[in-house]
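> Pasting target33.txt below, which is compact mmCIF, C-alpha atoms and all ligand atoms.
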```txt
# COMPACT_ATOMS: atom_id res chain seq x y z
CA MET A 1 -9.55 157.37 70.37
CA ALA A 2 -11.03 156.46 73.74
CA ASP A 3 -8.68 155.91 76.68
CA LEU A 4 -8.51 152.18 77.46
CA ASN A 5 -6.29 152.40 80.56
CA VAL A 6 -7.46 150.63 83.71
CA LYS A 7 -5.87 150.18 87.12
CA ILE A 8 -5.85 147.37 89.69
CA SER A 9 -4.42 148.67 92.97
CA ASN A 10 -1.44 150.68 91.71
CA LEU A 11 -0.84 148.53 88.65
CA GLN A 12 -1.63 150.18 85.33
CA PHE A 13 -2.96 148.18 82.36
CA LYS A 14 -2.83 149.70 78.86
CA ASN A 15 -6.19 148.07 78.13
CA PRO A 16 -8.57 145.78 80.06
CA VAL A 17 -8.08 142.62 77.96
CA MET A 18 -6.06 139.79 79.48
CA THR A 19 -5.56 136.12 78.70
CA ALA A 20 -6.97 133.50 81.11
CA SER A 21 -4.53 131.12 82.76
CA GLY A 22 -4.08 127.75 81.08
CA THR A 23 -5.40 128.85 77.72
CA PHE A 24 -2.49 130.94 76.40
CA GLY A 25 0.57 128.99 77.55
CA TYR A 26 3.30 131.43 78.58
CA GLY A 27 2.39 133.88 75.82
CA LEU A 28 5.38 132.94 73.66
CA GLU A 29 3.42 130.17 71.97
CA PHE A 30 1.14 132.87 70.51
CA ALA A 31 3.87 135.39 69.58
CA ASP A 32 3.67 134.65 65.84
CA LEU A 33 -0.11 134.98 65.80
CA VAL A 34 -0.94 138.04 67.86
CA PRO A 35 1.10 141.13 68.86
CA LEU A 36 1.62 140.35 72.55
CA HIS A 37 2.33 143.98 73.49
CA GLU A 38 -1.23 144.90 72.48
CA ILE A 39 -2.72 142.63 75.16
CA GLY A 40 -3.42 144.33 78.51
CA GLY A 41 -2.00 141.43 80.53
CA ILE A 42 -0.88 137.83 80.03
CA ILE A 43 -1.80 135.45 82.84
CA VAL A 44 0.41 132.44 82.41
CA LYS A 45 -0.31 128.77 83.11
CA GLY A 46 -0.86 127.72 86.73
CA THR A 47 2.43 127.39 88.63
CA THR A 48 2.99 125.35 91.78
CA LEU A 49 5.89 125.01 94.21
CA HIS A 50 6.77 121.53 92.93
CA SER A 51 6.35 120.13 89.41
CA ARG A 52 3.08 118.36 88.59
CA GLU A 53 2.39 115.74 85.93
CA GLY A 54 -1.27 116.64 85.62
CA ASN A 55 -3.98 114.03 85.08
CA ASP A 56 -4.00 111.16 82.59
CA SER A 57 -5.65 111.50 79.18
CA PRO A 58 -8.35 111.94 78.08
CA ARG A 59 -8.45 115.31 79.75
CA MET A 60 -10.40 117.43 77.31
CA VAL A 61 -13.88 116.98 75.85
CA GLU A 62 -15.81 119.33 73.59
CA THR A 63 -19.35 120.08 74.76
CA ALA A 64 -22.24 122.16 73.43
CA SER A 65 -20.95 125.76 73.44
CA GLY A 66 -17.92 124.89 75.52
CA MET A 67 -15.43 122.29 76.69
CA LEU A 68 -14.56 120.22 79.74
CA ASN A 69 -10.95 119.89 80.89
CA CYS A 70 -9.17 118.10 83.71
CA VAL A 71 -5.58 119.02 82.88
CA GLY A 72 -4.81 119.18 86.60
CA LEU A 73 -2.25 122.00 86.79
CA GLN A 74 0.51 120.29 84.82
CA ASN A 75 3.64 122.41 85.16
CA LYS A 76 7.35 122.09 85.94
CA GLY A 77 7.28 123.98 89.22
CA VAL A 78 8.16 127.51 90.26
CA ASP A 79 11.95 127.12 90.17
CA TYR A 80 11.85 125.88 86.57
CA PHE A 81 9.56 128.80 85.74
CA CYS A 82 11.95 131.32 87.31
CA LYS A 83 15.05 129.85 85.70
CA HIS A 84 13.88 128.85 82.22
CA ILE A 85 10.60 130.54 81.32
CA TYR A 86 10.81 133.91 83.03
CA PRO A 87 13.96 134.98 81.10
CA GLN A 88 12.09 134.33 77.83
CA ILE A 89 8.99 136.32 78.72
CA ARG A 90 10.28 139.07 81.00
CA ASP A 91 10.72 141.56 78.14
CA ILE A 92 7.24 141.19 76.65
CA ASP A 93 5.81 144.69 76.84
CA THR A 94 2.69 143.93 78.88
CA ASN A 95 1.82 142.93 82.44
CA ILE A 96 3.00 139.35 82.94
CA ILE A 97 0.95 137.80 85.74
CA VAL A 98 1.69 134.38 87.21
CA ASN A 99 -1.21 132.16 88.23
CA VAL A 100 -0.23 130.44 91.50
CA SER A 101 -1.68 127.26 92.99
CA GLY A 102 -0.83 124.98 95.90
CA ASP A 103 -1.98 122.24 98.24
CA SER A 104 -1.53 124.08 101.56
CA ALA A 105 -1.14 127.64 102.83
CA GLU A 106 2.61 126.99 103.08
CA THR A 107 3.07 125.85 99.48
CA TYR A 108 0.96 128.74 98.12
CA ALA A 109 2.97 131.22 100.17
CA GLU A 110 6.37 129.77 99.28
CA CYS A 111 5.51 129.77 95.56
CA ALA A 112 4.30 133.40 95.82
CA ARG A 113 7.42 134.40 97.76
CA ARG A 114 9.68 133.11 94.99
CA ILE A 115 7.65 134.94 92.33
CA ASN A 116 7.80 138.12 94.42
CA GLU A 117 11.53 138.20 93.55
CA LEU A 118 10.87 138.53 89.80
CA ASP A 119 11.11 142.21 88.79
CA ALA A 120 9.09 141.86 85.60
CA VAL A 121 6.11 140.13 87.24
CA PRO A 122 4.01 142.88 88.86
CA ALA A 123 1.13 140.66 90.03
CA ILE A 124 0.01 137.13 90.79
CA GLU A 125 -3.39 135.54 90.36
CA LEU A 126 -4.02 133.12 93.21
CA ASN A 127 -5.94 130.10 91.99
CA ILE A 128 -8.04 128.85 94.91
CA SER A 129 -10.57 127.45 92.47
CA CYS A 130 -9.09 124.63 90.34
CA PRO A 131 -11.63 121.78 90.27
CA ASN A 132 -9.23 119.24 88.76
CA VAL A 133 -6.74 118.46 91.51
CA LYS A 134 -7.13 116.09 94.45
CA GLU A 135 -5.42 118.19 97.12
CA GLY A 136 -5.87 121.93 97.50
CA GLY A 137 -7.10 123.92 94.52
CA MET A 138 -10.84 124.38 94.75
CA ALA A 139 -10.97 122.97 98.28
CA PHE A 140 -9.77 126.33 99.59
CA GLY A 141 -12.01 128.44 97.41
CA VAL A 142 -15.32 126.95 98.49
CA SER A 143 -15.36 128.24 102.07
CA CYS A 144 -14.72 131.69 103.53
CA ALA A 145 -12.28 130.31 106.10
CA GLY A 146 -10.36 128.31 103.47
CA ALA A 147 -10.08 131.28 101.11
CA ALA A 148 -9.14 133.68 103.91
CA GLY A 149 -6.41 131.35 105.19
CA ILE A 150 -4.66 131.16 101.81
CA VAL A 151 -4.96 134.89 101.09
CA LYS A 152 -3.62 135.76 104.55
CA ALA A 153 -0.61 133.46 104.18
CA VAL A 154 0.23 134.80 100.73
CA ARG A 155 -0.38 138.45 101.62
CA ALA A 156 2.21 138.12 104.39
CA VAL A 157 4.97 137.31 101.89
CA TYR A 158 3.78 138.93 98.65
CA GLN A 159 4.01 142.70 98.37
CA LYS A 160 2.87 143.31 94.78
CA THR A 161 -0.62 143.18 93.24
CA LEU A 162 -2.58 140.18 94.50
CA ILE A 163 -5.57 138.99 92.48
CA VAL A 164 -7.56 136.05 93.90
CA LYS A 165 -9.39 133.80 91.44
CA LEU A 166 -12.72 132.54 92.72
CA SER A 167 -14.65 129.35 92.14
CA PRO A 168 -18.21 129.38 90.81
CA ASN A 169 -18.85 125.98 92.45
CA VAL A 170 -20.28 127.59 95.58
CA THR A 171 -23.63 128.78 96.86
CA ASP A 172 -22.47 132.24 97.95
CA ILE A 173 -19.57 133.66 95.95
CA VAL A 174 -20.11 137.13 97.44
CA SER A 175 -19.15 136.08 100.97
CA ILE A 176 -16.00 134.38 99.65
CA ALA A 177 -15.04 137.52 97.72
CA ARG A 178 -15.54 139.57 100.89
CA ALA A 179 -13.35 137.17 102.89
CA CYS A 180 -10.55 137.64 100.33
CA GLU A 181 -10.97 141.42 100.42
CA GLU A 182 -10.74 141.43 104.22
CA GLU A 183 -7.44 139.55 104.11
CA GLY A 184 -5.87 142.07 101.76
CA ALA A 185 -6.57 140.87 98.20
CA ASP A 186 -6.12 143.75 95.74
CA ALA A 187 -8.71 142.29 93.33
CA VAL A 188 -10.75 139.18 92.68
CA SER A 189 -11.10 137.44 89.33
CA LEU A 190 -14.07 135.25 88.48
CA ILE A 191 -14.98 132.70 87.35
CA ASN A 192 -12.90 129.56 87.15
CA THR A 193 -14.56 126.56 85.49
CA LEU A 194 -17.84 124.97 86.58
CA MET A 195 -17.63 121.28 87.50
CA GLY A 196 -19.19 119.01 84.89
CA MET A 197 -19.23 115.54 83.34
CA ALA A 198 -19.62 113.83 79.96
CA ILE A 199 -20.32 110.15 79.26
CA ASP A 200 -19.20 107.74 76.53
CA ILE A 201 -22.48 105.85 76.15
CA GLU A 202 -20.96 102.91 74.22
CA LYS A 203 -18.39 102.26 76.95
CA ARG A 204 -20.86 103.33 79.65
CA GLU A 205 -18.19 105.34 81.39
CA PRO A 206 -17.06 108.95 81.81
CA LEU A 207 -15.16 110.50 78.90
CA LEU A 208 -12.64 112.20 81.19
CA SER A 209 -9.93 110.21 82.99
CA ILE A 210 -10.83 111.52 86.44
CA ARG A 211 -14.59 111.38 85.78
CA THR A 212 -15.26 115.12 86.16
CA GLY A 213 -13.79 118.26 84.62
CA GLY A 214 -14.19 122.01 84.50
CA LEU A 215 -16.65 123.49 82.02
CA SER A 216 -15.57 126.64 80.16
CA GLY A 217 -16.53 128.58 77.05
CA PRO A 218 -19.70 130.44 75.95
CA ALA A 219 -21.93 127.97 77.85
CA ILE A 220 -20.85 129.48 81.18
CA LYS A 221 -21.09 133.16 80.27
CA PRO A 222 -24.49 133.96 81.80
CA VAL A 223 -23.48 132.31 85.08
CA ALA A 224 -20.19 134.23 85.14
CA LEU A 225 -21.90 137.50 84.33
CA ARG A 226 -24.35 137.13 87.19
CA MET A 227 -21.54 136.35 89.63
CA VAL A 228 -19.43 139.30 88.44
CA TYR A 229 -22.43 141.59 88.87
CA ASP A 230 -23.12 140.32 92.40
CA VAL A 231 -19.49 140.50 93.54
CA ALA A 232 -18.80 143.89 91.93
CA HIS A 233 -21.76 145.34 93.81
CA ALA A 234 -20.54 143.90 97.13
CA VAL A 235 -16.79 144.59 97.34
CA LYS A 236 -14.70 147.76 97.01
CA ILE A 237 -11.70 146.14 95.30
CA PRO A 238 -11.68 145.75 91.49
CA VAL A 239 -13.25 142.68 89.89
CA VAL A 240 -11.74 140.94 86.86
CA GLY A 241 -14.45 139.17 84.85
CA LEU A 242 -14.13 136.01 82.79
CA GLY A 243 -16.10 133.01 81.66
CA GLY A 244 -17.10 132.44 78.06
CA ILE A 245 -15.98 135.76 76.65
CA SER A 246 -15.54 135.38 72.90
CA SER A 247 -16.48 138.75 71.40
CA THR A 248 -16.26 142.49 71.97
CA GLU A 249 -19.89 142.56 73.04
CA ASP A 250 -19.29 139.83 75.64
CA ALA A 251 -16.40 141.84 77.12
CA ILE A 252 -18.50 145.00 77.26
CA GLU A 253 -21.30 143.11 79.05
CA PHE A 254 -18.84 142.06 81.77
CA MET A 255 -17.50 145.59 82.15
CA MET A 256 -20.99 147.05 82.34
CA CYS A 257 -21.72 144.54 85.14
CA GLY A 258 -18.76 145.96 87.08
CA ALA A 259 -15.60 144.27 85.81
CA THR A 260 -12.59 146.62 85.69
CA ALA A 261 -10.80 144.19 83.36
CA ILE A 262 -11.61 140.91 81.61
CA GLU A 263 -9.84 137.67 80.69
CA ILE A 264 -10.34 135.54 77.61
CA GLY A 265 -9.78 131.78 77.88
CA THR A 266 -11.33 129.06 75.73
CA ALA A 267 -11.98 131.48 72.84
CA ASN A 268 -8.19 131.56 72.24
CA PHE A 269 -8.42 127.94 71.06
CA ILE A 270 -10.94 128.90 68.36
CA ASP A 271 -9.31 132.18 67.34
CA PRO A 272 -5.77 132.81 68.64
CA THR A 273 -6.10 136.50 67.68
CA ILE A 274 -9.27 137.03 69.72
CA THR A 275 -7.58 139.17 72.41
CA LYS A 276 -6.45 141.80 69.88
CA LYS A 277 -9.85 141.71 68.13
CA VAL A 278 -11.68 142.29 71.42
CA LYS A 279 -9.28 145.08 72.45
CA ASP A 280 -9.72 146.83 69.07
CA GLY A 281 -13.46 146.15 69.21
CA ILE A 282 -13.84 147.79 72.63
CA SER A 283 -11.96 150.83 71.34
CA SER A 284 -14.21 151.13 68.25
CA TRP A 285 -17.36 150.60 70.33
CA LEU A 286 -16.39 153.37 72.74
CA ASP A 287 -15.63 155.73 69.85
CA ALA A 288 -18.89 154.90 68.11
CA HIS A 289 -20.83 155.58 71.33
CA GLY A 290 -19.11 158.88 72.08
CA CYS A 291 -17.23 157.59 75.15
CA ARG A 292 -13.84 159.17 75.83
CA SER A 293 -12.76 156.56 78.36
CA ILE A 294 -13.41 152.93 79.24
CA GLN A 295 -14.25 154.18 82.75
CA GLU A 296 -17.56 155.48 81.37
CA ILE A 297 -18.93 151.96 80.95
CA ILE A 298 -17.52 150.12 84.00
CA GLY A 299 -20.36 149.20 86.35
CA VAL A 300 -23.07 151.17 84.56
CA VAL A 301 -25.57 148.32 84.88
C1 LIG B 1 -7.37 123.87 79.22
C2 LIG B 1 -7.61 124.80 80.37
C3 LIG B 1 -6.63 124.95 81.35
C4 LIG B 1 -6.83 125.82 82.43
N1 LIG B 1 -5.84 125.98 83.37
C5 LIG B 1 -6.00 126.88 84.38
C6 LIG B 1 -4.96 127.13 85.33
O1 LIG B 1 -3.85 126.60 85.25
N2 LIG B 1 -5.21 128.02 86.33
C7 LIG B 1 -6.41 128.67 86.44
O2 LIG B 1 -6.60 129.48 87.37
N3 LIG B 1 -7.41 128.47 85.54
C8 LIG B 1 -7.23 127.60 84.52
N4 LIG B 1 -8.24 127.41 83.61
C9 LIG B 1 -9.50 128.16 83.75
C10 LIG B 1 -9.49 129.41 82.86
O3 LIG B 1 -8.44 130.28 83.18
C11 LIG B 1 -10.85 130.17 82.97
O4 LIG B 1 -11.08 130.52 84.33
C12 LIG B 1 -12.04 129.34 82.50
O5 LIG B 1 -11.69 128.55 81.38
C13 LIG B 1 -13.25 130.22 82.16
O6 LIG B 1 -12.97 131.14 81.13
P1 LIG B 1 -13.30 130.84 79.57
O7 LIG B 1 -14.72 130.39 79.50
O8 LIG B 1 -13.03 132.14 78.87
O9 LIG B 1 -12.35 129.77 79.13
C14 LIG B 1 -8.04 126.54 82.52
C15 LIG B 1 -9.03 126.39 81.53
C16 LIG B 1 -8.83 125.54 80.46
C17 LIG B 1 -9.90 125.43 79.41
```
If you took the structure in this file and wrote it as C-alpha cells, what would it be?


Amino acid sequence: MADLNVKISNLQFKNPVMTASGTFGYGLEFADLVPLHEIGGIIVKGTTLHSREGNDSPRMVETASGMLNCVGLQNKGVDYFCKHIYPQIRDIDTNIIVNVSGDSAETYAECARRINELDAVPAIELNISCPNVKEGGMAFGVSCAGAAGIVKAVRAVYQKTLIVKLSPNVTDIVSIARACEEEGADAVSLINTLMGMAIDIEKREPLLSIRTGGLSGPAIKPVALRMVYDVAHAVKIPVVGLGGISSTEDAIEFMMCGATAIEIGTANFIDPTITKKVKDGISSWLDAHGCRSIQEIIGVV
C-alpha cells in the first residue's frame, strides 16, 4: 500500500486528511461514526481567549451546492477548553490541532500561549479569516500588515507548529501568504469561507441574522483550487488546501495543485464518514496508479 505520510514543519501526519474547523466539533461528537485515529488530523472548533455567544439565529442557510453560515465563533473560551475539553480529546490517536481566533494581537497571542502548554496539541491553526465576527477575524487576514502583525505576535509565544488560515475575500492572497511566511508561519491553510448573502423574498430581508455569511461547500471548490495553486507556487512552506472537498478526486486535485494536506468541512454534514472514505480513496487511487507514496502527486500540476 502507498505511503500516505506527510509532514508540516517537523510534525508528522499519518495521512493528509484533516477535518476543517467548525464542522467536526471537537472530534468526540463523531467518535461513534468514524474511527478518529484513521483521520490525519482533527482541527477543532475556533477557540478564543474569552467565551463568545456567537450570532443570533438564523445563522445557517443552504444554497446551491453549498451553505452560508454566520455562527460567529461561538465557544466557551480557551480556559474552558483546556480544563474540560482537552482532557477528553487528548488521547485520540491523531494530531489534535486547535483553531485560534482573537480580536487583537494580544488576545490571539495569549490564547496561543495557553494552548502552547498542552502536551497533546502539537499545532494551532490561526484563523485570521473569519468573516462572521465584528471585531478581528477577517479584518486581520485581508491586509499583509494585519496578517503579519498577528503572526509575529503569536510566533513570539508559540513554539510548536503554526498554521495560518487565509481568507479568500482578498484581491491578492499570494502576498498575504508571503507576509505570513516571512513572520515565521510553518504552513498556510486556505481557504476560509467566501462572503455571501441570501434573501427571503417574502419578507424582503436577508435570511441570515447578521445579513451576510460565509459560503462553503462544493460551490467554492474551483476558487479554492486556484488559490491553493497560486499560493503553493509562491511560498516555500507547506500549503493545506480546503474548500468544497467532498470526494477522493477533489482531495487529489488539491494535492496535485500543491497542497501537502487537505481539510474537509461542509461535506462532514452530508456524510460524517467522509474523512475515512477520502483517506481510503486516496490510498486506493495511489495503488491503482502505481504510486508508492503520496509525495508523488503533491504539486505535479
Ligand atoms: C458551520 C461552520 C463553522 C465554521 N467555523 C469555523 C471556525 O470556527 N474557524 C475557522 O477557521 N473556520 C470555520 N469554518 C470554515 C471551515 O473550516 C472551512 O474553511 C470552510 O467551510 C471551507 O471548507 P468546506 O467547503 O470544506 O466547508 C466554519 C465553516 C462552517 C460551515

> I want to know what sits within 7 Å of Met255 of chain A, based on only C-alpha atoms, with residues of the same chain fewer than 5 positions away left out; could you give that as a PyMOL selection string?

chain A and resi 260-261+297-299

> Taking C-alpha atoms for each residue, export the selection above as a tab-separated table (two decimals), in the coordinates of the input.


```
chain	number	residue	atom	x	y	z
A	260	THR	CA	-12.59	146.62	85.69
A	261	ALA	CA	-10.80	144.19	83.36
A	297	ILE	CA	-18.93	151.96	80.95
A	298	ILE	CA	-17.52	150.12	84.00
A	299	GLY	CA	-20.36	149.20	86.35
```

> Dump as JSON lines the rows for residues of chain A within 6 Å of ligand LIG 1 (chain B): closest atom pair and distance in Å with one decimal, only C-alpha atoms and all ligand atoms counted, ordered by chain and rising residue number.


```
{"residue": "A:Ala20", "atom": "CA", "partner": "B:LIG1", "partner_atom": "O3", "distance": 4.1}
{"residue": "A:Ser21", "atom": "CA", "partner": "B:LIG1", "partner_atom": "O3", "distance": 4.0}
{"residue": "A:Gly22", "atom": "CA", "partner": "B:LIG1", "partner_atom": "N1", "distance": 3.4}
{"residue": "A:Thr23", "atom": "CA", "partner": "B:LIG1", "partner_atom": "C2", "distance": 5.3}
{"residue": "A:Lys45", "atom": "CA", "partner": "B:LIG1", "partner_atom": "O1", "distance": 4.7}
{"residue": "A:Gly46", "atom": "CA", "partner": "B:LIG1", "partner_atom": "O1", "distance": 3.5}
{"residue": "A:Asn69", "atom": "CA", "partner": "B:LIG1", "partner_atom": "C1", "distance": 5.6}
{"residue": "A:Leu73", "atom": "CA", "partner": "B:LIG1", "partner_atom": "O1", "distance": 5.1}
{"residue": "A:Asn127", "atom": "CA", "partner": "B:LIG1", "partner_atom": "O2", "distance": 4.7}
{"residue": "A:Ile191", "atom": "CA", "partner": "B:LIG1", "partner_atom": "O4", "distance": 5.4}
{"residue": "A:Asn192", "atom": "CA", "partner": "B:LIG1", "partner_atom": "O4", "distance": 3.5}
{"residue": "A:Thr193", "atom": "CA", "partner": "B:LIG1", "partner_atom": "C12", "distance": 4.8}
{"residue": "A:Ser216", "atom": "CA", "partner": "B:LIG1", "partner_atom": "O7", "distance": 3.9}
{"residue": "A:Gly217", "atom": "CA", "partner": "B:LIG1", "partner_atom": "O7", "distance": 3.5}
{"residue": "A:Leu242", "atom": "CA", "partner": "B:LIG1", "partner_atom": "O6", "distance": 5.3}
{"residue": "A:Gly243", "atom": "CA", "partner": "B:LIG1", "partner_atom": "O7", "distance": 3.7}
{"residue": "A:Gly244", "atom": "CA", "partner": "B:LIG1", "partner_atom": "O7", "distance": 3.5}
{"residue": "A:Ile245", "atom": "CA", "partner": "B:LIG1", "partner_atom": "O8", "distance": 5.2}
{"residue": "A:Ile264", "atom": "CA", "partner": "B:LIG1", "partner_atom": "O8", "distance": 4.5}
{"residue": "A:Gly265", "atom": "CA", "partner": "B:LIG1", "partner_atom": "O8", "distance": 3.4}
{"residue": "A:Thr266", "atom": "CA", "partner": "B:LIG1", "partner_atom": "O9", "distance": 3.6}
```

> Store the residues picked out above, limited to C-alpha atoms, as a PDB file, keeping the file's coordinate frame.


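again-v4.pdb was written with the following content:
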```pdb
ATOM      1  CA  ALA A  20      -6.970 133.500  81.110  1.00  0.00           C
ATOM      2  CA  SER A  21      -4.530 131.120  82.760  1.00  0.00           C
ATOM      3  CA  GLY A  22      -4.080 127.750  81.080  1.00  0.00           C
ATOM      4  CA  THR A  23      -5.400 128.850  77.720  1.00  0.00           C
ATOM      5  CA  LYS A  45      -0.310 128.770  83.110  1.00  0.00           C
ATOM      6  CA  GLY A  46      -0.860 127.720  86.730  1.00  0.00           C
ATOM      7  CA  ASN A  69     -10.950 119.890  80.890  1.00  0.00           C
ATOM      8  CA  LEU A  73      -2.250 122.000  86.790  1.00  0.00           C
ATOM      9  CA  ASN A 127      -5.940 130.100  91.990  1.00  0.00           C
ATOM     10  CA  ILE A 191     -14.980 132.700  87.350  1.00  0.00           C
ATOM     11  CA  ASN A 192     -12.900 129.560  87.150  1.00  0.00           C
ATOM     12  CA  THR A 193     -14.560 126.560  85.490  1.00  0.00           C
ATOM     13  CA  SER A 216     -15.570 126.640  80.160  1.00  0.00           C
ATOM     14  CA  GLY A 217     -16.530 128.580  77.050  1.00  0.00           C
ATOM     15  CA  LEU A 242     -14.130 136.010  82.790  1.00  0.00           C
ATOM     16  CA  GLY A 243     -16.100 133.010  81.660  1.00  0.00           C
ATOM     17  CA  GLY A 244     -17.100 132.440  78.060  1.00  0.00           C
ATOM     18  CA  ILE A 245     -15.980 135.760  76.650  1.00  0.00           C
ATOM     19  CA  ILE A 264     -10.340 135.540  77.610  1.00  0.00           C
ATOM     20  CA  GLY A 265      -9.780 131.780  77.880  1.00  0.00           C
ATOM     21  CA  THR A 266     -11.330 129.060  75.730  1.00  0.00           C
TER      22      THR A 266
END
```

> Need to verify the contact set: Asp93 of chain A, 9 Å, only C-alpha atoms, exclusion of same-chain residues closer than 3 positions in sequence. Can you return it as a PyMOL selection string?

chain A and resi 36-39+90+96

> What lies within 10 Å of Thr19 of chain A using all atoms listed in the file, ignoring chain neighbours under 6 positions off, as a list in words?

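That gives Gly25, Gly27, Ile39, Gly40, Gly41, Ile42, Ile43, Val44, Ile97, Leu242, Ile262, Glu263, Ile264, Gly265, Thr266, Ala267, Asn268, Ile274 and Thr275 of chain A.
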
> Within 12 Å of (11.0, 139.0, 92.4), in the coordinates the file gives, what residues turn up when you count all atoms listed in the file, written out as number ranges by chain?

A: 82, 86, 90, 98, 111-124, 157-160

> Could you tell me how far atom CA of Leu33 of chain A lies from atom CA of Ile294 of chain A, in Å and to one decimal?

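According to the coordinates, atom CA of Leu33 of chain A and atom CA of Ile294 of chain A are separated by 26.1 Å.
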
> Choose the residue, out of A:Val133, A:Ile85, A:Ala187, A:Met138, that has the smallest atom-to-atom separation from Val170 of chain A; count all atoms listed in the file.

A:Met138

> Report, in Å with one decimal, the straight-line distance from atom CA of Arg204 of chain A to atom CA of Leu68 of chain A.

18.0 Å

> Given the choices A:Met1, A:Ala232, A:Val61, A:Leu28, which gets closest to Gly196 of chain A if the distance is worked out from all atoms listed in the file?

A:Val61

> For Cys144 of chain A, find every residue with an atom within 8 Å (counting all atoms listed in the file), except residues of its own chain fewer than 5 positions away, and show them as a ChimeraX atom specification.

/A:175-176,179-180

> Using all atoms listed in the file, find each residue in segment 78-150 of chain A having at least one atom no more than 10 Å away from segment 210-214 of chain A; report its shortest atom-to-atom pair and that distance in Å (one decimal), rows by chain then rising number, as JSON lines.


```
{"residue": "A:Cys130", "atom": "CA", "partner": "A:Gly214", "partner_atom": "CA", "distance": 8.2}
{"residue": "A:Pro131", "atom": "CA", "partner": "A:Gly214", "partner_atom": "CA", "distance": 6.3}
{"residue": "A:Asn132", "atom": "CA", "partner": "A:Gly213", "partner_atom": "CA", "distance": 6.2}
{"residue": "A:Val133", "atom": "CA", "partner": "A:Ile210", "partner_atom": "CA", "distance": 9.5}
{"residue": "A:Lys134", "atom": "CA", "partner": "A:Ile210", "partner_atom": "CA", "distance": 9.9}
```

> Of the candidates A:Ile199, A:Val300, A:Leu286, A:Ala145, which one gets nearest to Thr248 of chain A if we count only C-alpha atoms?

A:Leu286

> What is the atom CA of Glu106 of chain A-atom CA of Gly141 of chain A distance in Å, reported with one decimal?

15.7 Å

> Given all atoms listed in the file as the basis, pick out the residue of A:Pro222, A:Ser209, A:Met18, A:Trp285 nearest to Asn55 of chain A.

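The closest residue to Asn55 of chain A is A:Ser209.
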
> Smallest atom-to-atom distance to Ile220 of chain A: which of A:Ile237, A:Ile8, A:Leu194, A:Val154, using all atoms listed in the file?

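With all atoms listed in the file as the atom set, the closest residue is A:Leu194.
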
> Pick out the closest residue to Thr47 of chain A from this set: A:Tyr80, A:Phe140, A:Phe254, A:Phe13. Count all atoms listed in the file.

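Among A:Tyr80, A:Phe140, A:Phe254, A:Phe13, it is A:Tyr80 that comes nearest to Thr47 of chain A.
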
> Would you be able to write out as a PyMOL selection string which residues have an atom within 6 Å of (-5.4, 136.2, 103.3) in the file's coordinates, counting only C-alpha atoms?

chain A and resi 148-153+155+183

> I'd like the contact shell of segment 287-290 of chain A - 9 Å cut-off, all atoms listed in the file, skipping same-chain residues fewer than 4 positions apart - returned as a ChimeraX atom specification.

/A:1-2,282-283

> Using the file's own x, y and z axes, so that the box edges lie along x, y and z, what centre and edge lengths in Å (one decimal) does a box around every listed atom of segment 137-145 of chain A get when 5 Å is added on each side? Give it as lines of an AutoDock Vina configuration file.


```
center_x = -11.2
center_y = 127.3
center_z = 100.3
size_x = 18.3
size_y = 18.7
size_z = 21.6
```
